[in-house]
Structure formats: structure tokens, C-alpha cells
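File shown here: model_24.txt, holding compact mmCIF, C-alpha atoms and all ligand atoms.
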# COMPACT_ATOMS: atom_id res chain seq x y z
CA MET N 28 -10.47 25.81 -44.62
CA ASP N 29 -10.74 28.87 -42.40
CA TYR N 30 -7.81 28.45 -40.01
CA GLN N 31 -8.61 31.70 -38.19
CA TYR N 32 -11.93 30.10 -37.23
CA LEU N 33 -9.96 27.22 -35.65
CA ALA N 34 -7.89 29.79 -33.77
CA ASP N 35 -11.12 31.45 -32.54
CA LEU N 36 -12.41 28.07 -31.34
CA SER N 37 -9.14 27.29 -29.63
CA LEU N 38 -9.01 30.68 -27.90
CA VAL N 39 -12.41 30.19 -26.31
CA GLY N 40 -11.43 26.68 -25.14
CA ASP N 41 -13.49 24.73 -27.68
CA THR N 42 -12.08 21.59 -29.23
CA PRO N 43 -11.93 21.50 -33.03
CA SER N 44 -13.84 18.55 -34.50
CA ARG N 45 -12.03 15.44 -35.72
CA ASP N 46 -12.76 16.46 -39.33
CA GLN N 47 -11.22 19.88 -38.73
CA CYS N 48 -8.16 18.23 -37.16
CA ARG N 49 -7.77 15.91 -40.15
CA ALA N 50 -8.12 18.91 -42.46
CA VAL N 51 -5.21 20.64 -40.71
CA LEU N 52 -2.98 17.58 -41.17
CA ASN N 53 -4.01 17.30 -44.83
CA SER N 54 -3.92 21.01 -45.63
CA ALA N 55 -2.30 22.10 -48.87
CA ASP N 56 1.27 23.34 -48.68
CA LYS N 57 0.21 26.59 -50.35
CA GLU N 58 -1.95 27.30 -47.26
CA LEU N 59 0.90 26.70 -44.82
CA LEU N 60 1.52 30.35 -43.97
CA SER N 61 -2.20 30.96 -43.30
CA LEU N 62 -2.25 27.92 -41.02
CA ILE N 63 0.89 29.02 -39.16
CA ASN N 64 -0.50 32.53 -38.82
CA ALA N 65 -3.65 31.18 -37.12
CA ALA N 66 -1.64 28.92 -34.78
CA TYR N 67 0.62 31.86 -33.96
CA ARG N 68 -2.39 33.93 -32.88
CA VAL N 69 -3.16 31.26 -30.25
CA ARG N 70 0.49 30.83 -29.24
CA HIS N 71 0.93 34.60 -28.93
CA HIS N 72 -2.20 34.99 -26.84
CA TYR N 73 -0.82 32.68 -24.14
CA PHE N 74 2.95 33.00 -24.47
CA GLY N 75 3.70 36.16 -26.44
CA ASN N 76 7.01 35.62 -28.22
CA VAL N 77 8.64 33.82 -25.31
CA VAL N 78 10.60 30.57 -25.81
CA HIS N 79 11.54 28.06 -23.10
CA ILE N 80 14.81 26.17 -23.42
CA GLN N 81 15.43 22.76 -21.87
CA VAL N 82 18.65 20.79 -21.51
CA LEU N 83 18.44 17.01 -21.23
CA THR N 84 20.95 14.56 -19.78
CA ASN N 85 20.66 10.85 -20.43
CA ALA N 86 21.47 10.06 -16.80
CA LYS N 87 21.26 6.26 -17.24
CA SER N 88 21.68 4.81 -20.70
CA GLY N 89 20.73 1.52 -22.34
CA LEU N 90 20.27 -1.64 -20.26
CA CYS N 91 16.47 -1.54 -20.69
CA GLN N 92 14.31 -4.68 -20.71
CA GLU N 93 11.38 -3.06 -22.55
CA ASP N 94 10.93 -3.33 -26.33
CA CYS N 95 9.85 0.17 -27.46
CA HIS N 96 10.56 -0.17 -31.19
CA TYR N 97 11.64 3.46 -31.69
CA CYS N 98 14.17 3.40 -28.87
CA SER N 99 17.90 2.80 -29.25
CA GLN N 100 18.11 1.73 -25.59
CA SER N 101 15.63 -1.15 -25.74
CA ARG N 102 16.52 -4.80 -25.33
CA ILE N 103 15.78 -5.45 -29.00
CA SER N 104 17.89 -2.57 -30.31
CA GLN N 105 21.22 -3.29 -32.01
CA ALA N 106 22.11 0.40 -32.11
CA GLU N 107 25.62 1.31 -31.09
CA ILE N 108 25.04 3.47 -28.05
CA GLU N 109 26.81 4.04 -24.77
CA ARG N 110 25.47 1.97 -21.87
CA TYR N 111 25.99 3.10 -18.28
CA PRO N 112 24.21 3.08 -14.89
CA LEU N 113 22.90 6.20 -13.11
CA MET N 114 25.53 8.94 -13.35
CA SER N 115 27.15 10.34 -10.22
CA LYS N 116 25.67 13.22 -8.25
CA GLU N 117 28.78 15.26 -8.97
CA ASN N 118 28.43 14.89 -12.76
CA LEU N 119 24.68 15.53 -12.77
CA LEU N 120 25.17 18.67 -10.69
CA LYS N 121 27.78 19.80 -13.21
CA GLU N 122 25.32 19.17 -16.04
CA ALA N 123 22.58 21.13 -14.24
CA LYS N 124 24.97 24.08 -13.81
CA ARG N 125 25.83 23.88 -17.51
CA ALA N 126 22.10 23.91 -18.35
CA LYS N 127 21.67 27.08 -16.32
CA GLN N 128 24.61 28.71 -18.12
CA LEU N 129 22.94 27.78 -21.43
CA LYS N 130 19.85 29.79 -20.35
CA ALA N 131 17.70 26.73 -19.80
CA LYS N 132 14.47 27.26 -17.90
CA ARG N 133 14.43 23.60 -16.99
CA TYR N 134 16.95 20.79 -16.53
CA CYS N 135 15.76 17.28 -17.46
CA MET N 136 17.28 13.95 -16.42
CA ALA N 137 16.19 10.75 -18.18
CA LEU N 138 16.83 7.24 -16.90
CA SER N 139 16.40 4.29 -19.24
CA GLY N 140 14.46 1.28 -17.99
CA ARG N 141 10.96 0.14 -17.17
CA ASN N 142 11.02 1.69 -13.71
CA PRO N 143 13.63 2.99 -11.27
CA SER N 144 14.62 0.93 -8.23
CA ASP N 145 14.02 2.35 -4.75
CA LYS N 146 17.79 2.76 -4.42
CA GLU N 147 17.86 4.84 -7.62
CA ILE N 148 14.96 6.95 -6.29
CA GLU N 149 16.91 7.55 -3.09
CA ARG N 150 19.96 8.71 -5.06
CA LEU N 151 17.80 10.84 -7.36
CA CYS N 152 16.13 12.56 -4.41
CA ASP N 153 19.55 13.48 -3.08
CA ILE N 154 20.61 14.78 -6.53
CA ILE N 155 17.39 16.77 -6.99
CA ARG N 156 17.75 18.40 -3.55
CA ALA N 157 21.34 19.40 -4.40
CA ILE N 158 20.35 20.83 -7.81
CA LYS N 159 17.51 22.85 -6.32
CA GLN N 160 19.77 24.22 -3.57
CA GLU N 161 22.95 24.84 -5.54
CA VAL N 162 21.70 25.62 -9.05
CA GLY N 163 18.15 26.88 -8.59
CA ILE N 164 16.63 25.57 -11.79
CA SER N 165 13.34 23.81 -12.48
CA VAL N 166 13.88 20.03 -12.66
CA CYS N 167 12.07 17.39 -14.70
CA CYS N 168 12.77 13.63 -14.69
CA SER N 169 11.85 10.89 -17.14
CA LEU N 170 11.95 7.66 -15.17
CA GLY N 171 9.53 5.11 -16.59
CA PHE N 172 6.81 3.73 -14.36
CA LEU N 173 6.55 5.13 -10.85
CA SER N 174 4.64 3.95 -7.81
CA GLU N 175 2.61 6.42 -5.77
CA GLU N 176 5.19 6.25 -3.00
CA GLN N 177 8.10 6.94 -5.39
CA ALA N 178 6.27 9.90 -6.97
CA LYS N 179 5.60 11.39 -3.52
CA ARG N 180 9.25 10.98 -2.48
CA LEU N 181 10.44 12.73 -5.63
CA ARG N 182 7.98 15.58 -5.14
CA ALA N 183 9.08 15.99 -1.52
CA ALA N 184 12.71 16.20 -2.70
CA GLY N 185 11.78 19.15 -4.92
CA LEU N 186 11.13 17.55 -8.29
CA ASP N 187 8.89 19.90 -10.31
CA ARG N 188 7.81 17.79 -13.25
CA VAL N 189 7.78 14.24 -14.57
CA ASN N 190 8.02 13.34 -18.24
CA HIS N 191 6.04 10.26 -19.24
CA ASN N 192 4.94 10.27 -22.86
CA LEU N 193 1.77 8.62 -24.11
CA ASN N 194 3.85 8.20 -27.29
CA THR N 195 0.98 7.50 -29.68
CA SER N 196 -2.72 6.63 -29.72
CA GLN N 197 -4.10 3.82 -27.57
CA ARG N 198 -5.05 2.01 -30.80
CA PHE N 199 -1.53 2.14 -32.30
CA HIS N 200 0.40 1.54 -29.07
CA PRO N 201 0.64 -2.29 -29.48
CA GLN N 202 2.47 -1.67 -32.78
CA ILE N 203 5.27 0.25 -31.05
CA CYS N 204 5.68 -1.71 -27.81
CA THR N 205 4.59 -5.11 -26.48
CA THR N 206 6.13 -5.13 -23.00
CA HIS N 207 3.75 -2.56 -21.51
CA THR N 208 0.43 -1.00 -22.41
CA TYR N 209 -0.87 2.48 -23.09
CA GLN N 210 -2.93 2.16 -19.91
CA ASP N 211 0.26 1.48 -17.89
CA ARG N 212 1.47 4.87 -19.07
CA VAL N 213 -1.80 6.62 -18.21
CA ASP N 214 -1.68 5.06 -14.71
CA THR N 215 1.79 6.42 -13.96
CA ILE N 216 0.73 9.88 -15.16
CA THR N 217 -2.31 9.74 -12.85
CA ARG N 218 -0.12 8.72 -9.88
CA CYS N 219 2.38 11.52 -10.58
CA ARG N 220 -0.34 14.14 -10.85
CA GLY N 221 -1.80 12.84 -7.57
CA ALA N 222 1.59 13.38 -5.94
CA GLY N 223 1.53 17.05 -6.99
CA LEU N 224 3.99 16.76 -9.88
CA GLU N 225 3.54 18.69 -13.12
CA ILE N 226 3.12 16.45 -16.14
CA CYS N 227 5.11 16.50 -19.35
CA SER N 228 3.54 14.09 -21.83
CA GLY N 229 3.58 13.99 -25.59
CA GLY N 230 4.52 11.56 -28.27
CA ILE N 231 6.45 10.53 -31.32
CA VAL N 232 5.15 10.95 -34.86
CA GLY N 233 6.46 9.23 -37.96
CA GLN N 234 6.19 5.71 -36.53
CA GLY N 235 3.70 4.53 -39.14
CA GLU N 236 0.60 5.85 -37.38
CA THR N 237 -2.42 7.30 -39.19
CA ASP N 238 -3.65 10.88 -39.02
CA ASP N 239 -6.38 9.69 -36.64
CA ASP N 240 -3.71 8.30 -34.31
CA ILE N 241 -2.04 11.72 -34.23
CA VAL N 242 -5.37 13.42 -33.51
CA ASP N 243 -6.10 10.89 -30.73
CA LEU N 244 -2.70 11.42 -29.15
CA LEU N 245 -3.07 15.22 -29.15
CA MET N 246 -6.59 14.96 -27.73
CA ALA N 247 -5.44 12.45 -25.08
CA VAL N 248 -2.67 14.69 -23.77
CA ARG N 249 -5.26 17.45 -23.54
CA GLU N 250 -7.54 15.14 -21.58
CA ILE N 251 -4.88 14.09 -19.08
CA GLY N 252 -4.07 17.78 -18.56
CA ALA N 253 -0.42 17.64 -19.61
CA ASP N 254 1.34 20.88 -18.66
CA SER N 255 3.97 20.34 -21.31
CA ILE N 256 3.65 18.43 -24.58
CA PRO N 257 6.83 17.32 -26.33
CA ILE N 258 6.32 16.45 -29.99
CA ASN N 259 9.08 14.15 -31.20
CA PHE N 260 9.61 13.43 -34.88
CA LEU N 261 10.98 9.91 -35.22
CA VAL N 262 14.68 9.80 -35.96
CA PRO N 263 15.09 6.35 -37.51
CA ILE N 264 18.09 5.05 -35.59
CA LYS N 265 20.04 2.29 -37.29
CA GLY N 266 19.73 -0.98 -35.37
CA THR N 267 16.21 -0.27 -34.04
CA PRO N 268 13.10 -1.99 -35.48
CA PHE N 269 11.96 1.42 -36.77
CA GLU N 270 15.17 2.24 -38.61
CA ASP N 271 13.16 2.47 -41.87
CA ARG N 272 10.25 4.60 -40.55
CA GLY N 273 9.75 8.36 -40.47
CA HIS N 274 9.59 8.73 -44.24
CA ASP N 275 6.14 10.33 -44.29
CA LEU N 276 7.58 13.34 -42.48
CA ASN N 277 8.82 16.45 -44.24
CA PRO N 278 9.27 19.94 -42.80
CA ARG N 279 5.80 21.13 -43.92
CA ARG N 280 4.09 18.07 -42.44
CA CYS N 281 5.94 18.59 -39.13
CA LEU N 282 4.73 22.20 -39.02
CA LYS N 283 1.11 21.15 -39.67
CA ILE N 284 1.34 18.68 -36.75
CA LEU N 285 2.70 21.42 -34.45
CA CYS N 286 -0.11 23.79 -35.51
CA LEU N 287 -2.69 21.11 -34.70
CA ALA N 288 -1.01 20.50 -31.33
CA ARG N 289 -1.42 24.23 -30.61
CA PHE N 290 -5.10 24.38 -31.63
CA LEU N 291 -5.88 21.38 -29.41
CA ASN N 292 -3.75 22.51 -26.47
CA PRO N 293 -3.85 26.30 -26.68
CA ASP N 294 -2.36 27.26 -23.31
CA ARG N 295 0.10 24.38 -22.86
CA GLU N 296 3.83 24.35 -23.37
CA ILE N 297 4.38 22.70 -26.75
CA ARG N 298 7.94 21.53 -27.28
CA VAL N 299 9.54 20.71 -30.60
CA ALA N 300 11.56 17.79 -29.24
CA GLY N 301 13.63 14.99 -30.80
CA GLY N 302 13.97 15.10 -34.58
CA ARG N 303 13.63 18.91 -34.78
CA GLU N 304 16.90 19.32 -36.63
CA TYR N 305 16.57 16.10 -38.65
CA HIS N 306 13.01 16.62 -39.95
CA LEU N 307 12.35 20.39 -39.88
CA ARG N 308 15.76 21.26 -41.27
CA THR N 309 15.79 24.81 -42.75
CA LEU N 310 12.18 25.42 -41.67
CA GLN N 311 12.99 25.12 -37.94
CA PRO N 312 12.38 28.84 -37.20
CA LEU N 313 8.77 28.56 -38.41
CA ALA N 314 8.10 26.00 -35.65
CA PHE N 315 8.29 28.76 -33.05
CA TYR N 316 5.09 30.32 -34.37
CA ALA N 317 3.21 27.28 -33.08
CA ALA N 318 5.49 25.83 -30.38
CA ASN N 319 7.11 27.68 -27.50
CA SER N 320 9.74 25.30 -26.22
CA ILE N 321 12.79 23.36 -27.42
CA PHE N 322 15.67 21.21 -26.23
CA VAL N 323 19.16 22.38 -27.00
CA THR N 324 22.47 20.46 -27.24
CA GLY N 325 20.93 17.04 -27.92
CA TYR N 326 18.56 14.25 -26.99
CA LEU N 327 18.90 10.84 -25.36
CA THR N 328 21.22 9.19 -27.84
CA THR N 329 21.23 11.66 -30.75
CA PRO N 330 22.98 15.02 -31.00
CA GLY N 331 21.11 18.33 -31.44
CA GLN N 332 21.56 22.01 -32.19
CA SER N 333 23.99 23.95 -30.00
CA ALA N 334 22.57 26.48 -27.55
CA HIS N 335 24.35 29.32 -29.35
CA GLU N 336 22.72 28.44 -32.67
CA ALA N 337 19.33 28.22 -30.95
CA TRP N 338 19.81 31.61 -29.26
CA GLN N 339 20.69 33.09 -32.65
CA MET N 340 17.59 31.60 -34.27
CA ILE N 341 15.35 32.91 -31.46
CA SER N 342 16.90 36.36 -31.61
CA ASP N 343 16.67 36.48 -35.44
CA LEU N 344 12.93 35.83 -35.10
CA GLY N 345 12.61 38.71 -32.66
CA PHE N 346 11.55 36.22 -29.95
CA GLU N 347 12.91 36.04 -26.40
CA MET N 348 13.98 33.28 -24.04
CA GLU N 349 12.57 33.00 -20.54
CA VAL N 350 15.35 32.77 -17.98
CA GLU N 351 14.48 32.44 -14.28
CA GLY N 352 10.93 33.64 -14.82
CA MET N 353 12.09 36.66 -16.88
CA THR N 354 12.65 37.12 -20.59
CA ASP N 355 16.32 37.49 -21.53
CA GLY N 356 15.63 41.16 -22.39
CA GLU N 357 14.45 41.82 -18.83
CA GLU N 358 17.34 39.71 -17.47
CA SER N 359 19.92 41.83 -19.39
CA LYS N 360 18.33 45.03 -18.02
CA ARG N 361 18.44 43.59 -14.47
CA SER N 362 22.10 42.54 -14.87
CA ALA N 363 23.02 45.98 -16.28
CA HIS N 364 21.28 47.60 -13.30
CA LEU N 365 23.11 45.32 -10.83
CA ILE N 366 26.48 46.07 -12.48
CA ALA N 367 25.79 49.84 -12.49
S1 LIG M 401 11.67 4.23 -24.21
FE1 LIG M 401 12.29 3.88 -22.11
S2 LIG M 401 11.17 2.02 -21.50
FE2 LIG M 401 11.11 2.09 -23.75
S3 LIG M 401 12.91 0.87 -24.39
FE3 LIG M 401 13.56 3.02 -24.30
S4 LIG M 401 14.45 3.25 -22.25
FE4 LIG M 401 13.21 1.39 -22.23
What does this structure look like when you write it as C-alpha cells?
Ligand code: SF4
Amino acid sequence: MDYQYLADLSLVGDTPSRDQCRAVLNSADKELLSLINAAYRVRHHYFGNVVHIQVLTNAKSGLCQEDCHYCSQSRISQAEIERYPLMSKENLLKEAKRAKQLKAKRYCMALSGRNPSDKEIERLCDIIRAIKQEVGISVCCSLGFLSEEQAKRLRAAGLDRVNHNLNTSQRFHPQICTTHTYQDRVDTITRCRGAGLEICSGGIVGQGETDDDIVDLLMAVREIGADSIPINFLVPIKGTPFEDRGHDLNPRRCLKILCLARFLNPDREIRVAGGREYHLRTLQPLAFYAANSIFVTGYLTTPGQSAHEAWQMISDLGFEMEVEGMTDGEESKRSAHLIA
């Protein structure tokens, strides 16, 4: 397989064929560096060596009536997690300030549940306005289903981006959730885009899906025009229906999936999201040659790598973080100039 040819296709905006996509997922381990090199050519063309960092707060935990089988917060999960309603404005502001100190480009707040109430939207709007005024950081929210009116209110309050994952292919979706449909998810994404919000939408691999399901998911997020594509690798949480899934993943397989995500979505932010530490393990640095974004400090109900360790990894690679629209190298020069 000529991976550089796939990079050429990707760079001129052509979509690799389904057979070529399958070949990437099934490529031999001995070809991994050639594959990564081709994906890196595409990544570098659009993003250079810049990495975006995100910090996520689980702003409302548990208490969800949906049955997403991968999720520790669902009504059918027996996982031992904290359960609490929407956190206070004061605490979320504190978290946003901490995110900024950790060199995050974006601060993300996730609320468990099928959809937020109008009262929660009102409180969120107030919190978003305060974060934008006092912290000055890009804000993303993951809120479940949103009406057109709710999306518009959030946008007017200053929300930049909404996360709403397609999660998997349309075909496989009934195997991971029965309380809502894939189309419900597409509809919320359409409403949010209509309200002027950027879209963050990706999925979870390792749930028992086929290679074709992964290809469909990555093509679907391209089709809906997702600005940011988080790729989660299922962490099998004890007490969830999927506590025994995720076994087909190994670090090389995760890297092949990220390379395919890059070929199919050349100029989009591709984030190595949940499961990065658990599934990529010692090969995590290689992920940056395909992806350009990560979370630090943890996920919804699972812990993650500290920001300091992530900074070290990025600096060891010779890559740079983007802070406030500048790389950290430019930021240090600006600070040195201001101090002088
Ligand atoms: S993913 Fe969201 S909607 Fe699904 S069970 Fe978890 S909290 Fe509820």
C-alpha cells in the first residue's frame, strides 16, 4: 500500500476509497512508520507541529436516564462514580482559570443527561459569559440534545463550540444505545451549526464495531463538517455493559485509526481523547504525528495524564502548544519582551 499516495489524495481534498480505508486499518505493523509518516505530512501541512490542549470538567455527573452502554453515568451503569447536579458558577470559573494556567486553548464543560433543562441553560449562559469576560478562553460544552432556541441562547452568551459525538456508525448505533437514535444526534448537530456554533463530533472505538463502522463514522464526521473530531478509545469501566469490550485495541491499532482519521479529515482538529493513556500507553507520543489535540488531567469519570507530563511529551517531540492563538515559543518571547 502506498500511504504517500493517500496523503496526496488527502492534501488535494479527495476522499480515499473504502478499500483504501480498510487497508489502512488492516495494515501490517511493520508498515506503521511509513503510514505515520504519510499522515504526518497531511497533519504538518495544516497544523505544522502545533498541539492544542483542552481541559474538561464533568460539570454535572451521573443521574442520566439514557442507556449508552459505554457510559458510567447511564441509568443502567453500576459503576461507582460521583453523582452531582450542575456545579456552581464559582467552582466552574475556578476550573476555567485552572485550565488557562495549564495552557489549555479551550475549556470544556460536560453535563450528563439526555438534554439540559431551560433553567440549566440559563445558569450555563451566565457561567459562559463570566468565563469569557474573566478568563478569556475558548469554551466548549457537551450538553446532550439541544433545541434551536437553546443553541441560539448559548451562542449569544459566547459559547464557541458544542461537543456532540456521533459515537459510531449509524448501522452500529442501536448496539450501543436504545434510548435515542443516531439521527437524533445528527439533528442536534444540525441545529447547533445553524445557531452559529462550531461543532466537535467524533466517536468511540473498541465497542465491538467492525472496520466498516469505523470508516463510516470517520466519513460521517467529515460530511457533517465537524471542526473538531475527538477519537475516544473505549475504557471498559467496571459496572457498565461494555466492561468487557475494548480488547481489539492495542497501541498500533489506535495509531492506524488516528492516521485514517487524518486522511479522511485532513484540515480538522483531531483529538486523541478518552483512553489515550490506557490504550496507547508508551506509544502516546507517536499519536501527535497524526492528531493535533489532546485532553489533559482527565476525562468525565476517568483520570488522565497530568498537564506537566503532557507538556514534557510535546516538548520532547519538538512540537509546540498553541496558547491564546500563539505557540508557546512565541508566547515565551512575548512574555520576555513584556518583562524587559
Ligand atoms: S453518554 Fe451522555 S446521554 Fe449517554 S448515558 Fe452518558 S451521560 Fe447519558
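Here the question is which of N:Gln81, N:Glu149, N:Glu347, N:Lys130 gets nearest to Pro257 in chain N using all atoms listed in the file, and that residue is N:Gln81.
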Problem set entry | Separation of CA of Ile231 in chain N from atom FE2 of ligand LIG 401 (chain M) in Å |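 Value for the atom FE2 of ligand LIG 401 (chain M)-CA of Ile231 in chain N distance: 12.3 Å.
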Exercise. Can you tell me, as a VMD selection string, what residues are no more than 12 Å from Asp275 in chain N when counting only C-alpha atoms, ignoring any on the same chain fewer than 6 positions away?
Worked result: chain N and resid 232 to 238 260 to 263 281 306
Exercise. Quick one: distance from CA of Asn85 in chain N to CA of Gln160 in chain N in Å, one decimal?
Worked result: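 CA of Gln160 in chain N lies at a distance of 21.5 Å from CA of Asn85 in chain N.
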For ligand LIG 401 (chain M), collect every residue having any atom at a distance of at most 6 Å from a ligand atom (counting only C-alpha atoms and all ligand atoms); output as a PDB file with C-alpha atoms, in the coordinates of the input.
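selection_12.pdb, written as the output of this step:
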ATOM      1  CA  CYS N  91      16.470  -1.540 -20.690  1.00  0.00           C
ATOM      2  CA  GLU N  93      11.380  -3.060 -22.550  1.00  0.00           C
ATOM      3  CA  ASP N  94      10.930  -3.330 -26.330  1.00  0.00           C
ATOM      4  CA  CYS N  95       9.850   0.170 -27.460  1.00  0.00           C
ATOM      5  CA  CYS N  98      14.170   3.400 -28.870  1.00  0.00           C
ATOM      6  CA  GLN N 100      18.110   1.730 -25.590  1.00  0.00           C
ATOM      7  CA  SER N 101      15.630  -1.150 -25.740  1.00  0.00           C
ATOM      8  CA  SER N 139      16.400   4.290 -19.240  1.00  0.00           C
ATOM      9  CA  GLY N 140      14.460   1.280 -17.990  1.00  0.00           C
ATOM     10  CA  ARG N 141      10.960   0.140 -17.170  1.00  0.00           C
TER      11      ARG N 141
END
For this session: Measure the distance from CA of Asn319 in chain N to CA of Glu296 in chain N in Å and round it to one decimal.
Result: 6.2 Å
Problem set entry | range 34-49 of chain N surroundings by all atoms listed in the file, 7 Å radius, close-in-sequence under 4 positions cut, as a list in words |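 So, after excluding close chain neighbours, the residues are Tyr30, Asn53, Ala65, Ala66, Arg68, Val69, Asp238, Val242, Leu287, Phe290, Leu291 and Pro293 of chain N.
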For this session: Could you give me, as a PyMOL selection string, the residues within 6 Å of range 248-255 of chain N, counting only C-alpha atoms and dropping anything in the same chain fewer than 2 positions from it?
Result: chain N and resi 226-228+245-246+295-297
Problem set entry | Nearest candidate to Gly345 in chain N (options N:Val78, N:Leu282, N:Ile158, N:Ala288; using all atoms listed in the file) |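 Looking at the shortest contact to Gly345 in chain N, the residue is N:Val78.
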Problem set entry | Residues near Leu151 in chain N, cut-off 9 Å, all atoms listed in the file, skip fewer than 5 positions along chain, as a list of chain:residue names |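 Here the answer would be N:Leu113, N:Lys116, N:Lys146, N:Arg156, N:Leu181, N:Ala184.
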Problem set entry | Nearest to Asp240 in chain N, chosen from N:Asp214, N:Gln202, N:Val323, N:Ala222, with only C-alpha atoms counted in the distances |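 Among the listed residues, the smallest separation from Asp240 in chain N belongs to N:Gln202.
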Exercise. Could you pull the residues within 12 Å of Gln128 in chain N, counting only C-alpha atoms, minus those fewer than 2 positions along the same chain, as a PyMOL selection string?
Worked result: chain N and resi 80-82+121-126+130-134+162-164+334-335+350-351
Problem set entry | Closest of N:Lys265, N:Arg303, N:Leu60, N:Gly75 to Asn277 in chain N - atom-to-atom distances counting only C-alpha atoms |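 Checking each candidate against Asn277 in chain N, we get N:Arg303 as the closest.
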Take every atom of range 289-305 of chain N listed in the file, fit an axis-aligned box around them, add 4 Å per side, and give the centre and edge lengths in Å to one decimal as JSON.
{"center_x": 5.5, "center_y": 21.1, "center_z": -30.8, "size_x": 30.8, "size_y": 20.3, "size_z": 23.8}
Problem set entry | Among the residues N:Arg218, N:Lys87, N:His79, N:His71, the one that comes closest to Phe172 in chain N [using all atoms listed in the file] |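 Using all atoms listed in the file, the shortest distance to Phe172 in chain N belongs to N:Arg218.
Using all atoms listed in the file, the nearest neighbour of Ala50 in chain N within the list N:Val299, N:Ile284, N:Leu276, N:Val166 is N:Ile284.
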